[in-house]
file structure03.txt (compact mmCIF, C-alpha atoms)
# COMPACT_ATOMS: atom_id res chain seq x y z
CA MET A 1 31.44 -0.81 32.98
CA LEU A 2 29.94 -3.71 31.00
CA LYS A 3 27.93 -4.73 34.07
CA LYS A 4 26.56 -1.21 34.34
CA ILE A 5 25.44 -1.34 30.72
CA ILE A 6 23.84 -4.76 31.15
CA LYS A 7 21.93 -3.49 34.20
CA TYR A 8 20.80 -0.39 32.32
CA LYS A 9 17.05 -0.09 32.83
CA ARG A 10 16.20 -0.18 29.09
CA SER A 11 18.37 -3.16 28.18
CA TYR A 12 15.47 -5.60 28.52
CA LEU A 13 13.98 -4.04 25.38
CA LEU A 14 16.69 -5.76 23.35
CA GLY A 15 14.80 -8.99 24.00
CA LEU A 16 12.17 -7.79 21.51
CA ILE A 17 14.59 -8.44 18.63
CA PRO A 18 14.73 -12.26 19.02
CA ILE A 19 11.00 -12.28 19.82
CA SER A 20 10.31 -10.43 16.55
CA PHE A 21 12.34 -12.88 14.50
CA LEU A 22 10.72 -15.80 16.28
CA LEU A 23 7.24 -14.50 15.42
CA ILE A 24 8.17 -14.09 11.76
CA PHE A 25 9.72 -17.57 11.72
CA LEU A 26 6.55 -19.11 13.15
CA ALA A 27 4.37 -17.22 10.67
CA LYS A 28 6.54 -18.37 7.76
CA GLN A 29 6.38 -21.98 8.91
CA ASN A 30 2.65 -22.05 9.56
CA SER A 31 0.17 -19.74 7.82
CA PHE A 32 -2.52 -21.00 10.22
CA ILE A 33 -0.73 -19.16 13.02
CA ALA A 34 -0.41 -16.02 10.90
CA GLU A 35 -4.09 -16.09 9.92
CA GLN A 36 -6.16 -17.66 12.66
CA ILE A 37 -4.21 -16.49 15.69
CA PHE A 38 -2.68 -13.23 14.54
CA ALA A 39 -4.52 -11.65 11.56
CA LEU A 40 -8.05 -12.48 12.68
CA HIS A 41 -7.54 -11.70 16.36
CA ILE A 42 -4.41 -9.89 17.56
CA TYR A 43 -3.93 -7.69 14.50
CA LYS A 44 -7.65 -7.15 14.01
CA TRP A 45 -8.02 -5.57 17.44
CA ILE A 46 -4.76 -3.62 17.46
CA SER A 47 -5.39 -2.15 14.01
CA GLN A 48 -8.96 -1.10 14.69
CA ILE A 49 -8.14 0.54 18.03
CA VAL A 50 -5.15 2.48 16.67
CA SER A 51 -6.88 3.36 13.39
CA THR A 52 -9.97 4.62 15.21
CA ILE A 53 -7.83 6.92 17.36
CA THR A 54 -5.66 8.30 14.55
CA GLY A 55 -8.71 8.44 12.29
CA ILE A 56 -10.12 11.23 14.46
CA LEU A 57 -7.37 13.51 13.17
CA PRO A 58 -8.22 15.25 9.87
CA PHE A 59 -4.54 15.16 8.87
CA SER A 60 -1.94 12.41 8.55
CA LEU A 61 -0.07 11.85 11.79
CA ALA A 62 2.34 9.66 9.84
CA GLU A 63 3.22 12.55 7.56
CA ILE A 64 4.01 14.77 10.54
CA ILE A 65 6.25 12.05 11.98
CA VAL A 66 8.11 11.56 8.70
CA VAL A 67 8.57 15.30 8.13
CA THR A 68 9.72 16.12 11.67
CA LEU A 69 11.75 12.99 12.34
CA PRO A 70 15.00 14.20 10.68
CA ALA A 71 14.94 17.39 12.79
CA VAL A 72 14.25 15.39 15.96
CA ILE A 73 17.10 12.97 15.22
CA LEU A 74 19.46 15.85 14.48
CA ALA A 75 18.51 17.64 17.73
CA VAL A 76 19.04 14.48 19.80
CA LEU A 77 22.38 13.89 18.11
CA VAL A 78 23.54 17.46 18.80
CA VAL A 79 22.55 17.22 22.49
CA PHE A 80 24.33 13.86 22.75
CA ILE A 81 27.54 15.22 21.23
CA ILE A 82 27.47 18.23 23.57
CA GLN A 83 27.09 15.91 26.57
CA LEU A 84 30.02 13.81 25.37
CA ILE A 85 32.21 16.89 25.08
CA LYS A 86 31.26 18.25 28.50
CA ASP A 87 31.43 15.00 30.46
CA LYS A 88 34.93 13.75 29.67
CA GLY A 89 35.09 11.47 32.71
CA LYS A 90 32.10 9.39 31.65
CA ARG A 91 32.46 9.76 27.88
CA ARG A 92 32.90 6.04 27.22
CA LEU A 93 29.93 5.12 29.41
CA ARG A 94 27.73 7.74 27.74
CA LEU A 95 28.76 6.48 24.31
CA LEU A 96 27.88 2.89 25.18
CA LYS A 97 24.55 4.00 26.65
CA GLY A 98 23.88 5.99 23.49
CA ILE A 99 24.50 2.93 21.34
CA LEU A 100 22.28 0.88 23.64
CA ASN A 101 19.49 3.47 23.33
CA ILE A 102 19.71 3.27 19.54
CA LEU A 103 19.53 -0.53 19.63
CA CYS A 104 16.58 -0.42 22.04
CA THR A 105 14.74 2.00 19.74
CA ILE A 106 15.38 -0.25 16.74
CA SER A 107 14.20 -3.24 18.77
CA VAL A 108 10.91 -1.56 19.72
CA LEU A 109 10.26 -0.34 16.16
CA LEU A 110 11.01 -3.79 14.73
CA PHE A 111 8.61 -5.44 17.17
CA MET A 112 5.90 -2.88 16.38
CA PHE A 113 6.36 -3.45 12.66
CA VAL A 114 6.13 -7.21 13.05
CA LEU A 115 2.90 -6.91 15.05
CA MET A 116 1.33 -4.21 12.88
CA ALA A 117 2.33 -5.41 9.42
CA GLY A 118 5.10 -8.00 9.13
CA ILE A 119 3.22 -11.15 10.10
CA ASN A 120 0.40 -10.33 7.67
CA TYR A 121 2.71 -11.08 4.72
CA TYR A 122 2.36 -14.76 5.64
CA ARG A 123 -1.39 -14.96 6.19
CA TYR A 124 -3.78 -16.85 3.91
CA PRO A 125 -4.03 -15.37 0.40
CA PHE A 126 -7.15 -13.33 -0.36
CA SER A 127 -8.23 -16.01 -2.84
CA TYR A 128 -8.97 -18.17 0.24
CA TYR A 129 -11.79 -15.78 1.11
CA SER A 130 -12.84 -14.86 -2.41
CA LYS A 131 -13.25 -18.54 -3.37
CA LEU A 132 -11.73 -17.77 -6.76
CA ASN A 133 -10.12 -20.57 -8.74
CA ILE A 134 -6.57 -19.46 -9.47
CA ARG A 135 -5.04 -21.45 -12.35
CA ASP A 136 -2.94 -21.06 -15.45
CA SER A 137 -4.73 -19.10 -18.15
CA SER A 138 -4.37 -18.92 -21.90
CA VAL A 139 -3.50 -15.78 -23.85
CA GLU A 140 -7.00 -15.94 -25.32
CA GLU A 141 -8.49 -15.67 -21.83
CA LEU A 142 -6.21 -12.74 -21.03
CA TYR A 143 -7.27 -11.06 -24.26
CA ALA A 144 -10.96 -11.53 -23.44
CA LEU A 145 -10.47 -10.07 -19.95
CA THR A 146 -8.56 -7.04 -21.26
CA GLU A 147 -11.12 -6.46 -24.00
CA SER A 148 -13.94 -6.51 -21.46
CA LEU A 149 -12.14 -4.03 -19.20
CA ALA A 150 -11.36 -1.71 -22.12
CA ILE A 151 -15.00 -1.59 -23.14
CA GLN A 152 -16.15 -1.04 -19.57
CA ALA A 153 -13.57 1.70 -18.99
CA GLY A 154 -14.71 3.50 -22.12
CA GLU A 155 -18.34 3.36 -21.04
CA LEU A 156 -17.52 4.70 -17.57
CA ARG A 157 -15.26 7.42 -18.98
CA ALA A 158 -18.16 8.70 -21.07
CA GLN A 159 -20.17 9.21 -17.86
CA VAL A 160 -17.64 11.15 -15.77
CA PRO A 161 -19.05 14.60 -14.99
CA GLU A 162 -15.95 16.78 -15.26
CA THR A 163 -12.86 17.24 -17.40
CA ASP A 164 -10.26 20.01 -17.50
CA GLN A 165 -9.59 22.42 -20.37
CA ASP A 166 -7.60 19.72 -22.17
CA GLY A 167 -10.38 17.18 -21.87
CA VAL A 168 -8.58 15.14 -19.18
CA TYR A 169 -10.69 13.59 -16.43
CA ARG A 170 -10.95 15.67 -13.26
CA LEU A 171 -12.49 14.68 -9.94
CA SER A 172 -15.80 16.39 -9.28
CA PHE A 173 -15.38 16.30 -5.50
CA SER A 174 -12.61 16.99 -2.99
CA ASP A 175 -9.96 14.51 -1.91
CA TYR A 176 -11.54 14.28 1.53
CA GLU A 177 -14.98 13.61 0.05
CA LEU A 178 -13.41 10.88 -2.07
CA ALA A 179 -11.78 9.40 1.05
CA ASP A 180 -15.18 9.19 2.74
CA LYS A 181 -16.71 7.59 -0.35
CA MET A 182 -13.98 4.93 -0.40
CA HIS A 183 -14.59 4.29 3.29
CA ASP A 184 -18.29 3.79 2.53
CA ALA A 185 -17.46 1.49 -0.40
CA TYR A 186 -15.47 -0.78 1.91
CA ARG A 187 -18.44 -1.01 4.22
CA LEU A 188 -20.57 -2.18 1.28
CA LEU A 189 -17.92 -4.65 0.08
CA SER A 190 -17.61 -6.15 3.56
CA LYS A 191 -21.15 -7.52 3.19
CA GLU A 192 -19.80 -9.88 0.52
CA TYR A 193 -16.35 -10.20 2.10
CA PRO A 194 -16.71 -9.89 5.90
CA ILE A 195 -12.93 -10.25 6.22
CA LEU A 196 -12.66 -6.66 4.90
CA GLY A 197 -15.01 -5.25 7.53
CA GLY A 198 -14.16 -3.45 10.73
CA PHE A 199 -13.85 -0.02 12.31
CA TYR A 200 -11.08 1.73 10.42
CA GLY A 201 -10.27 5.34 9.64
CA SER A 202 -10.62 6.86 6.17
CA PRO A 203 -7.56 7.25 3.91
CA LYS A 204 -5.49 10.39 4.53
CA PRO A 205 -4.59 12.76 1.67
CA VAL A 206 -0.93 13.73 2.07
CA PHE A 207 -0.18 17.47 2.24
CA PHE A 208 3.27 17.09 0.65
CA SER A 209 1.95 14.88 -2.14
CA ASN A 210 4.14 16.42 -4.82
CA ALA A 211 7.19 15.46 -2.77
CA MET A 212 5.88 11.87 -2.74
CA SER A 213 5.67 11.97 -6.53
CA HIS A 214 9.39 12.73 -6.67
CA THR A 215 9.92 9.32 -5.04
CA GLU A 216 7.39 7.76 -7.47
CA ILE A 217 5.25 6.66 -4.53
CA THR A 218 1.46 6.90 -4.83
CA GLY A 219 0.56 5.75 -1.33
CA ILE A 220 1.98 4.46 1.94
CA PHE A 221 0.42 2.38 4.66
CA PHE A 222 2.12 3.49 7.88
CA PRO A 223 1.66 0.63 10.36
CA PHE A 224 2.87 2.57 13.41
CA THR A 225 -0.16 4.90 13.20
CA MET A 226 -2.42 2.58 11.18
CA GLU A 227 -3.01 5.23 8.51
CA ALA A 228 -3.51 4.78 4.79
CA ASN A 229 -1.66 7.76 3.29
CA VAL A 230 -2.38 8.73 -0.31
CA ASN A 231 -0.57 10.94 -2.79
CA VAL A 232 -3.32 13.21 -4.16
CA ASP A 233 -1.05 15.07 -6.59
CA ILE A 234 -1.16 12.15 -9.02
CA PRO A 235 -3.57 12.16 -12.00
CA ASP A 236 -7.14 12.15 -10.72
CA TYR A 237 -8.19 8.82 -12.19
CA SER A 238 -5.58 7.04 -10.04
CA ILE A 239 -6.48 8.52 -6.66
CA ALA A 240 -9.54 6.41 -5.77
CA SER A 241 -7.89 3.09 -6.63
CA THR A 242 -4.79 4.13 -4.68
CA MET A 243 -6.97 4.82 -1.66
CA GLY A 244 -8.54 1.39 -2.07
CA HIS A 245 -5.08 -0.19 -2.28
CA GLU A 246 -3.77 1.41 0.92
CA LEU A 247 -7.00 0.64 2.80
CA ALA A 248 -6.51 -3.02 1.87
CA HIS A 249 -3.14 -2.90 3.64
CA LEU A 250 -4.83 -1.35 6.65
CA ARG A 251 -7.19 -4.33 6.74
CA GLY A 252 -4.23 -6.67 6.92
CA PHE A 253 -3.68 -7.69 3.27
CA MET A 254 -0.08 -6.68 2.70
CA ARG A 255 0.71 -8.37 -0.62
CA GLU A 256 0.78 -5.74 -3.35
CA ASP A 257 -1.01 -7.85 -5.95
CA GLU A 258 -3.87 -8.64 -3.56
CA ALA A 259 -4.15 -5.02 -2.43
CA ASN A 260 -4.56 -3.99 -6.08
CA PHE A 261 -7.25 -6.60 -6.62
CA ILE A 262 -9.13 -5.55 -3.48
CA ALA A 263 -8.86 -1.93 -4.67
CA TYR A 264 -10.56 -3.01 -7.90
CA LEU A 265 -13.29 -4.89 -6.03
CA VAL A 266 -14.08 -2.01 -3.69
CA SER A 267 -14.08 0.51 -6.54
CA MET A 268 -16.66 -1.53 -8.41
CA GLU A 269 -18.80 -1.71 -5.27
CA SER A 270 -19.13 2.08 -5.12
CA ASP A 271 -22.14 3.90 -6.52
CA SER A 272 -19.82 6.58 -7.93
CA VAL A 273 -19.01 6.40 -11.65
CA GLU A 274 -15.70 8.15 -10.97
CA ILE A 275 -14.59 5.54 -8.43
CA LYS A 276 -15.68 2.70 -10.70
CA TYR A 277 -13.67 4.31 -13.50
CA SER A 278 -10.58 4.52 -11.31
CA GLY A 279 -10.78 0.85 -10.34
CA THR A 280 -11.44 -0.26 -13.91
CA MET A 281 -8.48 1.73 -15.20
CA LEU A 282 -6.24 0.09 -12.60
CA ALA A 283 -7.35 -3.36 -13.75
CA LEU A 284 -7.15 -2.43 -17.44
CA ILE A 285 -3.60 -1.11 -17.22
CA ILE A 286 -2.36 -4.14 -15.29
CA SER A 287 -4.07 -6.69 -17.54
CA GLY A 288 -3.02 -4.70 -20.62
CA ASN A 289 0.61 -4.78 -19.55
CA ALA A 290 0.37 -8.54 -19.00
CA LEU A 291 -1.16 -9.01 -22.45
CA TYR A 292 1.54 -6.87 -24.07
CA SER A 293 4.26 -9.02 -22.49
CA GLN A 294 2.62 -12.14 -23.98
CA ASP A 295 1.49 -10.87 -27.38
CA PRO A 296 2.05 -7.22 -28.43
CA ASP A 297 -0.15 -7.60 -31.52
CA LEU A 298 -3.14 -8.64 -29.44
CA TYR A 299 -2.47 -5.78 -27.05
CA PHE A 300 -2.60 -3.22 -29.86
CA GLU A 301 -5.88 -4.72 -31.03
CA ILE A 302 -7.24 -3.81 -27.61
CA ARG A 303 -5.70 -0.33 -27.81
CA ASP A 304 -7.84 0.30 -30.88
CA LEU A 305 -10.87 -0.01 -28.58
CA TYR A 306 -9.71 2.82 -26.32
CA THR A 307 -11.95 5.87 -26.53
CA ASP A 308 -10.57 9.37 -26.96
CA GLY A 309 -11.22 10.05 -23.28
CA LEU A 310 -9.20 7.02 -22.20
CA LEU A 311 -6.30 8.00 -24.43
CA LEU A 312 -6.31 11.56 -23.10
CA ASP A 313 -6.17 10.33 -19.50
CA ILE A 314 -3.42 7.80 -20.22
CA LYS A 315 -1.34 10.39 -22.07
CA ALA A 316 -1.75 12.88 -19.22
CA ASN A 317 -0.69 10.20 -16.75
CA SER A 318 2.43 9.39 -18.77
CA SER A 319 3.33 13.08 -19.02
CA TYR A 320 2.91 13.53 -15.28
CA TRP A 321 5.21 10.67 -14.31
CA GLN A 322 7.78 11.42 -17.02
CA GLN A 323 9.05 14.38 -15.02
CA PHE A 324 9.97 12.09 -12.11
CA ASN A 325 11.52 9.20 -14.05
CA ASP A 326 15.11 8.16 -13.40
CA THR A 327 15.91 10.96 -10.97
CA ALA A 328 18.30 10.29 -8.09
CA ILE A 329 15.42 10.42 -5.60
CA SER A 330 13.15 8.08 -7.56
CA THR A 331 15.97 5.60 -8.19
CA VAL A 332 16.84 5.37 -4.50
CA SER A 333 13.16 5.17 -3.54
CA ASN A 334 12.48 2.34 -6.00
CA LYS A 335 15.50 0.43 -4.75
CA ILE A 336 14.35 0.77 -1.14
CA ASN A 337 10.81 -0.29 -2.05
CA ASP A 338 12.07 -3.25 -4.05
CA THR A 339 14.30 -4.36 -1.18
CA TYR A 340 11.45 -3.98 1.31
CA LEU A 341 9.11 -6.16 -0.77
CA LYS A 342 11.71 -8.88 -1.24
CA ALA A 343 12.54 -8.81 2.48
CA ASN A 344 8.89 -9.60 3.18
CA SER A 345 8.78 -12.64 0.89
CA GLN A 346 7.49 -10.91 -2.23
CA GLU A 347 10.28 -12.45 -4.26
CA ASP A 348 9.46 -10.61 -7.48
CA GLY A 349 9.92 -7.29 -5.71
CA VAL A 350 8.16 -4.44 -7.48
CA LYS A 351 7.20 -6.87 -10.28
CA SER A 352 4.77 -8.58 -7.90
CA TYR A 353 2.19 -5.90 -8.75
CA GLY A 354 1.58 -7.76 -12.03
CA ARG A 355 0.33 -10.95 -10.38
CA MET A 356 -3.05 -9.29 -9.81
CA VAL A 357 -3.96 -10.49 -13.29
CA ASP A 358 -4.47 -14.09 -12.06
CA LEU A 359 -7.15 -12.87 -9.64
CA LEU A 360 -8.78 -10.75 -12.35
CA LEU A 361 -8.88 -13.73 -14.69
CA ALA A 362 -10.36 -15.96 -12.02
CA LYS A 363 -13.08 -13.39 -11.31
CA TYR A 364 -13.76 -12.93 -15.03
CA ARG A 365 -14.25 -16.67 -15.48
CA LYS A 366 -16.50 -16.87 -12.42
CA ASP A 367 -18.65 -13.89 -13.49
CA ASN A 368 -19.06 -15.27 -17.00
CA ASP A 369 -19.56 -18.93 -16.03
CA LEU A 370 -16.39 -19.98 -17.86
CA GLU A 371 -14.91 -22.23 -15.18
call {"tool": "encode", "arguments": {"input": "structure03.txt", "output": "structure tokens"}}
result
Amino acid sequence: MLKKIIKYKRSYLLGLIPISFLLIFLAKQNSFIAEQIFALHIYKWISQIVSTITGILPFSLAEIIVVTLPAVILAVLVVFIIQLIKDKGKRRLRLLKGILNILCTISVLLFMFVLMAGINYYRYPFSYYSKLNIRDSSVEELYALTESLAIQAGELRAQVPETDQDGVYRLSFSDYELADKMHDAYRLLSKEYPILGGFYGSPKPVFFSNAMSHTEITGIFFPFTMEANVNVDIPDYSIASTMGHELAHLRGFMREDEANFIAYLVSMESDSVEIKYSGTMLALIISGNALYSQDPDLYFEIRDLYTDGLLLDIKANSSYWQQFNDTAISTVSNKINDTYLKANSQEDGVKSYGRMVDLLLAKYRKDNDLE
């Protein structure tokens, strides 16, 4: 019976498991391989071809897969159990083949993930292309950066065209129009950073966005379909920067801190005040949190600079997320996300989002000739 299993026509797919681990090992040992051989060539072509195809669809193929997958798995399991019951003579063989099929499926999915996302965790950091000088910074520098962002955010907030009945910022165009605008902004940014160029689809608003909020997830890059999926139920000022973040993953920059920084860069490249506001708020909140952890008194000095519009938007954002805090779903989701990040060499897990501040400080120094 063992020989029959070994000769099973799909068994060769199990060889993809050691190949996957070998590829990750090589990428970990040598970032040149991850960058020059994989990210700039193999991944670049695979991602653009797949993204162009799935980008034709006006909806998220990834969302359909995620929503229907449990039903598909259940149906396959039911059929398998029925076959086991009916075919008593070959029950053991069928069971072993079933296990082999599961292992083969896992093997293929693992290999696809490695090719379409995993290796990119070990590529050159974005600072290599941005030419920014990353170094230790003083609290005074962090204060100056946060102050600048607070002032800029206030100025942009005063220019947004629409608010709701409570005075909270509201997008003046649809989610799909925003997705197209972010796509255009990336095209403009790629003139300064060619590494971010290429033929990629626009971000996909998720239909079941409220369900995503229950998991406290704002966006997901789904490497198997090369789609940047965005929760559009979240407060409006966060949507554009979230789109920019997920599109950075699509372009091969998987580290969360770098994706946030790229989202800020692309937002500031847009000609839309609303998109600039979204990117500036992302940077302000992250730098503000970093400043608070270093010196709460200095942080509250900055808070005094916040305009009424900024405070309304921040309060609305806090109220929105409060309803999802510490639920069973959100707790499990955060644990899975944290484990995923650590498994891909982001040792700080979900805390790695805060490291964006080093890039912001480097850019602030460069823009203001403070290096």
call {"tool": "atom_distance", "arguments": {"input": "structure03.txt", "atom1": "CA of Asn231 in chain A", "atom2": "CA of Pro205 in chain A"}}
result
6.3 Å
call {"tool": "residues_around", "arguments": {"input": "structure03.txt", "residues": "range 274-276 of chain A", "least_positions_apart": "6", "cutoff": "9 Å", "atoms": "only C-alpha atoms", "output": "list in words"}}
result
Ala153, Leu156, Arg157, Gln159, Val160, Pro161, Leu171, Ser172, Leu178, Lys181, Met182, Tyr237, Ile239, Ala240, Ser241, Tyr264, Val266, Ser267 and Met268 of chain A
call {"tool": "residues_around", "arguments": {"input": "structure03.txt", "residues": "Asn210 in chain A", "least_positions_apart": "4", "cutoff": "9 Å", "atoms": "all atoms listed in the file", "output": "ChimeraX atom specification"}}
result
/A:206,214,231-234
call {"tool": "write_last_selection", "arguments": {"input": "structure03.txt", "atoms": "C-alpha atoms", "output": "PDB file, in the frame of the given file"}}
result
ATOM      1  CA  VAL A 206      -0.930  13.730   2.070  1.00  0.00           C
ATOM      2  CA  HIS A 214       9.390  12.730  -6.670  1.00  0.00           C
ATOM      3  CA  ASN A 231      -0.570  10.940  -2.790  1.00  0.00           C
ATOM      4  CA  VAL A 232      -3.320  13.210  -4.160  1.00  0.00           C
ATOM      5  CA  ASP A 233      -1.050  15.070  -6.590  1.00  0.00           C
ATOM      6  CA  ILE A 234      -1.160  12.150  -9.020  1.00  0.00           C
TER       7      ILE A 234
END
call {"tool": "closest_atom_pairs", "arguments": {"input": "structure03.txt", "of": "range 131-231 of chain A", "to": "range 307-317 of chain A", "cutoff": "12 Å", "atoms": "only C-alpha atoms", "output": "Markdown table"}}
result
| residue | atom | partner | partner_atom | distance |
| --- | --- | --- | --- | --- |
| A:Leu149 | CA | A:Leu310 | CA | 11.8 |
| A:Ala150 | CA | A:Thr307 | CA | 8.8 |
| A:Ile151 | CA | A:Thr307 | CA | 8.7 |
| A:Gln152 | CA | A:Thr307 | CA | 10.7 |
| A:Ala153 | CA | A:Leu310 | CA | 7.6 |
| A:Gly154 | CA | A:Thr307 | CA | 5.7 |
| A:Glu155 | CA | A:Thr307 | CA | 8.8 |
| A:Leu156 | CA | A:Leu310 | CA | 9.8 |
| A:Arg157 | CA | A:Gly309 | CA | 6.5 |
| A:Ala158 | CA | A:Gly309 | CA | 7.4 |
| A:Gln159 | CA | A:Gly309 | CA | 10.5 |
| A:Val160 | CA | A:Gly309 | CA | 9.9 |
| A:Glu162 | CA | A:Gly309 | CA | 11.5 |
| A:Thr163 | CA | A:Gly309 | CA | 9.4 |
| A:Asp164 | CA | A:Asp313 | CA | 10.7 |
| A:Gln165 | CA | A:Leu312 | CA | 11.7 |
| A:Asp166 | CA | A:Leu312 | CA | 8.3 |
| A:Gly167 | CA | A:Leu312 | CA | 7.0 |
| A:Val168 | CA | A:Asp313 | CA | 5.4 |
| A:Tyr169 | CA | A:Asp313 | CA | 6.4 |
| A:Arg170 | CA | A:Asp313 | CA | 9.5 |
call {"tool": "residues_around", "arguments": {"input": "structure03.txt", "residues": "His245 in chain A", "least_positions_apart": "5", "cutoff": "6 Å", "atoms": "all atoms listed in the file", "output": "ChimeraX atom specification"}}
result
/A:259-260,263
call {"tool": "atom_distance", "arguments": {"input": "structure03.txt", "atom1": "CA of Pro203 in chain A", "atom2": "CA of Val357 in chain A"}}
result
25.0 Å
call {"tool": "residues_around", "arguments": {"input": "structure03.txt", "residues": "Val66 in chain A", "least_positions_apart": "2", "cutoff": "12 Å", "atoms": "all atoms listed in the file", "output": "ChimeraX atom specification"}}
result
/A:60-64,68-73,206,208,212,220,222,224-225,229
call {"tool": "atom_distance", "arguments": {"input": "structure03.txt", "atom1": "CA of Lys191 in chain A", "atom2": "CA of Ala179 in chain A"}}
result
19.5 Å
call {"tool": "closest_residue", "arguments": {"input": "structure03.txt", "among": "A:Asp367, A:Glu35, A:Glu246, A:Glu258", "to": "Tyr186 in chain A", "atoms": "only C-alpha atoms"}}
result
A:Glu246
call {"tool": "closest_residue", "arguments": {"input": "structure03.txt", "among": "A:Leu40, A:Val79, A:Met226, A:Ile119", "to": "Leu23 in chain A", "atoms": "only C-alpha atoms"}}
result
A:Ile119
call {"tool": "closest_residue", "arguments": {"input": "structure03.txt", "among": "A:Asn30, A:Ser209, A:Ser272, A:Gln48", "to": "Leu196 in chain A", "atoms": "only C-alpha atoms"}}
result
A:Gln48
call {"tool": "closest_residue", "arguments": {"input": "structure03.txt", "among": "A:Ser318, A:Ser293, A:Thr280, A:Ser11", "to": "Thr105 in chain A", "atoms": "all atoms listed in the file"}}
result
A:Ser11
call {"tool": "closest_residue", "arguments": {"input": "structure03.txt", "among": "A:Ser190, A:Asn133, A:Thr215, A:Ser319", "to": "Ala362 in chain A", "atoms": "only C-alpha atoms"}}
result
A:Asn133
call {"tool": "residues_around", "arguments": {"input": "structure03.txt", "residues": "Asp136 in chain A", "least_positions_apart": "6", "cutoff": "12 Å", "atoms": "only C-alpha atoms", "output": "list in words"}}
result
Leu142, Arg355, Val357, Asp358, Leu359, Leu361 and Ala362 of chain A
